[in-house]
Amino acid sequence: MQKKRYVLHKLDDEGDPCNTFKYTGVEVVRTTMPEPIKPHVKGIIENMVMNRNESDTNSMLDKLYKLFSDLPIEDVAFVMGIKDYDKYAINSNSYTIGKGTPIHVKSSIYYNNLIDEYGLQGKHEKIGSGDKVRYFYVQQPNKYGCNSLAFKYNLPDEFKNLFLVDYEKMFEKIIFQVIERLYESVKWRPYKPGEAYQTDLFDFFNISR
């Protein structure tokens, strides 16, 4: 059975007047969504509910896209807890990761390998079971063929030039997929910043895709 997903605008709380929103099953309330992003995503959702203006909501999404692309990686990375690290690490060989390894664990294995390779054990803590990590998608290609990377508190300076953040993919995974479902639920055309200009040109010239 599919989990319930809805956003409720509450004007009454057991007889007491209020003006709040209740989120159920929507990613914006989950711990995996970065805290600095949540208020902006909620703002877009609440604008949809209150104003029902597609153009206005698209403009807000454009602004969030630009803001997101300028944020430091610590503010946009996914947050997850690590379990069974050794179980997956034992099936990995250097940067070749065992099949079925969850992405946040795979990202942590990459990180620990890099800490060893660059001799940074005394400067940066390695990741293990029980730790909470941040992980992000990295641009391709890169020296190690990694598609993601984790870290504990801050991304080490030694890795910042080796792995560039794939902000486009991060935005799609964290924000666009959440907003897209809501657009579809109210019969709006999905709007993806960065692709909007191309879409408008296709529509303008009536070109089939």
# chains A, B, ... in the order shown; residues from 1 in each chain; ligands from 1

$ residues_around --residues "stretch 31-33 of chain A" --least-positions-apart "5" --cutoff "8 Å" --atoms "only C-alpha atoms" --output "PDB file with N, CA and C atoms, in the first residue's frame"
ATOM      1  N   LYS A  38      15.080  23.496   3.458  1.00  0.00           N
ATOM      2  CA  LYS A  38      13.690  23.223   3.812  1.00  0.00           C
ATOM      3  C   LYS A  38      12.784  24.459   3.795  1.00  0.00           C
ATOM      4  N   PHE A  78      23.095  15.686   1.109  1.00  0.00           N
ATOM      5  CA  PHE A  78      22.164  14.793   1.796  1.00  0.00           C
ATOM      6  C   PHE A  78      22.743  14.423   3.155  1.00  0.00           C
ATOM      7  N   VAL A  79      21.875  14.161   4.124  1.00  0.00           N
ATOM      8  CA  VAL A  79      22.315  13.763   5.455  1.00  0.00           C
ATOM      9  C   VAL A  79      21.725  12.387   5.776  1.00  0.00           C
ATOM     10  N   MET A  80      22.598  11.430   6.122  1.00  0.00           N
ATOM     11  CA  MET A  80      22.124  10.087   6.456  1.00  0.00           C
ATOM     12  C   MET A  80      23.053   9.436   7.474  1.00  0.00           C
ATOM     13  N   ILE A 174      17.074  16.633  -4.766  1.00  0.00           N
ATOM     14  CA  ILE A 174      16.609  17.203  -3.500  1.00  0.00           C
ATOM     15  C   ILE A 174      15.329  18.004  -3.652  1.00  0.00           C
TER      16      ILE A 174
END

$ residues_around --residues "stretch 152-164 of chain A" --least-positions-apart "4" --cutoff "12 Å" --atoms "only C-alpha atoms" --output "PyMOL selection string"
chain A and resi 72-82+104+107-108+110-112+114-115+117-121+123-128+130-148+168-170

$ write_last_selection --atoms "C-alpha atoms" --output "mmCIF file, in the first residue's frame"
data_model
loop_
_atom_site.group_PDB
_atom_site.id
_atom_site.type_symbol
_atom_site.label_atom_id
_atom_site.label_comp_id
_atom_site.auth_asym_id
_atom_site.auth_seq_id
_atom_site.Cartn_x
_atom_site.Cartn_y
_atom_site.Cartn_z
ATOM 1 C CA PRO A 72 28.445 25.656 -0.045
ATOM 2 C CA ILE A 73 28.350 21.877 -0.238
ATOM 3 C CA GLU A 74 27.811 21.623 3.535
ATOM 4 C CA ASP A 75 24.411 23.313 3.041
ATOM 5 C CA VAL A 76 23.107 21.161 0.179
ATOM 6 C CA ALA A 77 24.480 17.661 0.857
ATOM 7 C CA PHE A 78 22.164 14.793 1.796
ATOM 8 C CA VAL A 79 22.315 13.763 5.455
ATOM 9 C CA MET A 80 22.124 10.087 6.456
ATOM 10 C CA GLY A 81 23.288 7.756 9.207
ATOM 11 C CA ILE A 82 25.744 4.944 8.459
ATOM 12 C CA HIS A 104 25.748 6.964 1.282
ATOM 13 C CA SER A 107 30.339 7.565 -0.731
ATOM 14 C CA SER A 108 31.823 6.946 2.726
ATOM 15 C CA TYR A 110 35.396 6.525 -1.210
ATOM 16 C CA TYR A 111 36.064 9.121 1.484
ATOM 17 C CA ASN A 112 37.941 6.724 3.753
ATOM 18 C CA LEU A 114 40.996 9.067 0.001
ATOM 19 C CA ILE A 115 41.895 9.812 3.626
ATOM 20 C CA GLU A 117 45.702 7.685 0.089
ATOM 21 C CA TYR A 118 46.470 11.296 1.017
ATOM 22 C CA GLY A 119 47.738 10.457 4.521
ATOM 23 C CA LEU A 120 45.113 12.588 6.249
ATOM 24 C CA GLN A 121 44.242 10.230 9.123
ATOM 25 C CA LYS A 123 43.756 15.604 10.285
ATOM 26 C CA HIS A 124 40.308 14.269 9.367
ATOM 27 C CA GLU A 125 38.227 11.565 11.053
ATOM 28 C CA LYS A 126 37.335 8.509 9.036
ATOM 29 C CA ILE A 127 33.721 7.362 8.731
ATOM 30 C CA GLY A 128 32.303 4.244 10.391
ATOM 31 C CA GLY A 130 27.006 4.920 13.757
ATOM 32 C CA ASP A 131 28.244 8.132 12.157
ATOM 33 C CA LYS A 132 25.982 10.658 10.497
ATOM 34 C CA VAL A 133 27.402 11.758 7.149
ATOM 35 C CA ARG A 134 26.737 14.210 4.373
ATOM 36 C CA TYR A 135 27.095 13.007 0.818
ATOM 37 C CA PHE A 136 26.805 14.598 -2.596
ATOM 38 C CA TYR A 137 26.993 13.808 -6.300
ATOM 39 C CA VAL A 138 30.209 14.841 -8.049
ATOM 40 C CA GLN A 139 30.808 15.965 -11.605
ATOM 41 C CA GLN A 140 32.150 13.526 -14.165
ATOM 42 C CA PRO A 141 34.798 12.708 -15.138
ATOM 43 C CA ASN A 142 37.161 12.818 -12.174
ATOM 44 C CA LYS A 143 40.481 11.173 -11.353
ATOM 45 C CA TYR A 144 38.945 8.352 -9.302
ATOM 46 C CA GLY A 145 35.773 7.670 -11.269
ATOM 47 C CA CYS A 146 33.622 8.431 -8.225
ATOM 48 C CA ASN A 147 30.046 9.559 -8.793
ATOM 49 C CA SER A 148 29.507 10.628 -5.175
ATOM 50 C CA GLU A 168 22.370 20.162 -11.349
ATOM 51 C CA LYS A 169 21.887 16.587 -10.169
ATOM 52 C CA MET A 170 21.703 17.620 -6.519
#

$ residues_around --residues "A:Asp70" --least-positions-apart "6" --cutoff "12 Å" --atoms "only C-alpha atoms" --output "PyMOL selection string"
chain A and resi 63-64+76+165-168+171

$ select_by_dssp --residues "stretch 28-139 of chain A" --states "alpha helix (DSSP H)" --output "number ranges by chain"
A: 38-51, 54-70, 73-76, 85-89, 103-117

$ closest_residue --among "A:Ser185, A:Glu35, A:Val7, A:Leu67" --to "A:Asn47" --atoms "only C-alpha atoms"
A:Val7

$ residues_around --residues "A:Lys192" --least-positions-apart "2" --cutoff "9 Å" --atoms "only C-alpha atoms" --output "ChimeraX atom specification"
/A:58,61-62,172,176,180,190,194-196

$ write_last_selection --atoms "N, CA and C atoms" --output "PDB file, in the first residue's frame"
ATOM      1  N   ASN A  58       6.651  29.144 -10.562  1.00  0.00           N
ATOM      2  CA  ASN A  58       7.818  28.911 -11.417  1.00  0.00           C
ATOM      3  C   ASN A  58       8.921  29.924 -11.131  1.00  0.00           C
ATOM      4  N   LEU A  61      10.707  29.006  -8.031  1.00  0.00           N
ATOM      5  CA  LEU A  61      11.581  27.861  -8.269  1.00  0.00           C
ATOM      6  C   LEU A  61      12.863  28.297  -8.964  1.00  0.00           C
ATOM      7  N   ASP A  62      12.741  29.253  -9.885  1.00  0.00           N
ATOM      8  CA  ASP A  62      13.929  29.816 -10.554  1.00  0.00           C
ATOM      9  C   ASP A  62      14.878  30.448  -9.534  1.00  0.00           C
ATOM     10  N   GLU A 172      18.069  18.375  -8.750  1.00  0.00           N
ATOM     11  CA  GLU A 172      17.033  17.468  -9.249  1.00  0.00           C
ATOM     12  C   GLU A 172      16.596  16.479  -8.169  1.00  0.00           C
ATOM     13  N   PHE A 176      13.732  19.253  -7.194  1.00  0.00           N
ATOM     14  CA  PHE A 176      12.859  19.120  -8.360  1.00  0.00           C
ATOM     15  C   PHE A 176      11.923  17.920  -8.258  1.00  0.00           C
ATOM     16  N   GLU A 180       8.049  18.397  -8.550  1.00  0.00           N
ATOM     17  CA  GLU A 180       7.451  17.817  -9.750  1.00  0.00           C
ATOM     18  C   GLU A 180       6.182  17.026  -9.417  1.00  0.00           C
ATOM     19  N   PRO A 190       5.287  20.154 -15.436  1.00  0.00           N
ATOM     20  CA  PRO A 190       6.527  20.179 -14.643  1.00  0.00           C
ATOM     21  C   PRO A 190       7.489  21.228 -15.166  1.00  0.00           C
ATOM     22  N   GLY A 194      16.699  25.732 -15.671  1.00  0.00           N
ATOM     23  CA  GLY A 194      17.864  25.277 -16.433  1.00  0.00           C
ATOM     24  C   GLY A 194      17.459  24.664 -17.750  1.00  0.00           C
ATOM     25  N   GLU A 195      16.270  24.053 -17.777  1.00  0.00           N
ATOM     26  CA  GLU A 195      15.739  23.486 -19.015  1.00  0.00           C
ATOM     27  C   GLU A 195      14.573  24.315 -19.538  1.00  0.00           C
ATOM     28  N   ALA A 196      14.142  25.290 -18.748  1.00  0.00           N
ATOM     29  CA  ALA A 196      12.937  26.042 -19.090  1.00  0.00           C
ATOM     30  C   ALA A 196      13.083  26.802 -20.402  1.00  0.00           C
TER      31      ALA A 196
END

$ closest_residue --among "A:Ala89, A:Val26, A:Met60, A:Met50" --to "A:Lys4" --atoms "only C-alpha atoms"
A:Val26

$ atom_distance --atom1 "atom CA of A:Lys42" --atom2 "atom CA of A:Leu149"
27.2 Å

$ atom_distance --atom1 "atom CA of A:Ser69" --atom2 "atom CA of A:Ile37"
11.6 Å

$ closest_residue --among "A:Pro193, A:Arg30, A:Pro39, A:Val49" --to "A:His9" --atoms "only C-alpha atoms"
A:Val49

$ atom_distance --atom1 "atom CA of A:Thr24" --atom2 "atom CA of A:Asn51"
20.7 Å

$ residues_around --residues "A:Asp86" --least-positions-apart "2" --cutoff "10 Å" --atoms "only C-alpha atoms" --output "PyMOL selection string"
chain A and resi 83-84+88-92+105+109+128-129

$ write_last_selection --atoms "N, CA and C atoms" --output "PDB file, in the first residue's frame"
ATOM      1  N   LYS A  83      25.064   2.626   8.685  1.00  0.00           N
ATOM      2  CA  LYS A  83      24.887   1.337   9.359  1.00  0.00           C
ATOM      3  C   LYS A  83      25.620   0.264   8.562  1.00  0.00           C
ATOM      4  N   ASP A  84      26.161  -0.706   9.253  1.00  0.00           N
ATOM      5  CA  ASP A  84      26.800  -1.863   8.602  1.00  0.00           C
ATOM      6  C   ASP A  84      27.907  -1.455   7.632  1.00  0.00           C
ATOM      7  N   TYR A  88      29.730  -3.754   4.062  1.00  0.00           N
ATOM      8  CA  TYR A  88      29.860  -3.343   2.663  1.00  0.00           C
ATOM      9  C   TYR A  88      31.317  -3.091   2.278  1.00  0.00           C
ATOM     10  N   ALA A  89      32.096  -2.535   3.207  1.00  0.00           N
ATOM     11  CA  ALA A  89      33.492  -2.210   2.905  1.00  0.00           C
ATOM     12  C   ALA A  89      34.312  -3.460   2.589  1.00  0.00           C
ATOM     13  N   ILE A  90      33.975  -4.574   3.243  1.00  0.00           N
ATOM     14  CA  ILE A  90      34.750  -5.805   3.037  1.00  0.00           C
ATOM     15  C   ILE A  90      34.563  -6.354   1.624  1.00  0.00           C
ATOM     16  N   ASN A  91      33.461  -5.979   0.980  1.00  0.00           N
ATOM     17  CA  ASN A  91      33.198  -6.431  -0.386  1.00  0.00           C
ATOM     18  C   ASN A  91      33.669  -5.435  -1.437  1.00  0.00           C
ATOM     19  N   SER A  92      34.393  -4.419  -1.006  1.00  0.00           N
ATOM     20  CA  SER A  92      34.900  -3.404  -1.922  1.00  0.00           C
ATOM     21  C   SER A  92      36.411  -3.500  -2.025  1.00  0.00           C
ATOM     22  N   VAL A 105      26.780   4.826   1.880  1.00  0.00           N
ATOM     23  CA  VAL A 105      27.878   3.990   2.359  1.00  0.00           C
ATOM     24  C   VAL A 105      28.993   3.952   1.320  1.00  0.00           C
ATOM     25  N   ILE A 109      32.918   4.990   1.776  1.00  0.00           N
ATOM     26  CA  ILE A 109      34.073   4.148   1.449  1.00  0.00           C
ATOM     27  C   ILE A 109      35.061   4.933   0.585  1.00  0.00           C
ATOM     28  N   GLY A 128      32.623   5.619  10.015  1.00  0.00           N
ATOM     29  CA  GLY A 128      32.303   4.244  10.391  1.00  0.00           C
ATOM     30  C   GLY A 128      30.846   4.111  10.769  1.00  0.00           C
ATOM     31  N   SER A 129      30.431   2.899  11.095  1.00  0.00           N
ATOM     32  CA  SER A 129      29.041   2.657  11.504  1.00  0.00           C
ATOM     33  C   SER A 129      28.680   3.514  12.713  1.00  0.00           C
TER      34      SER A 129
END
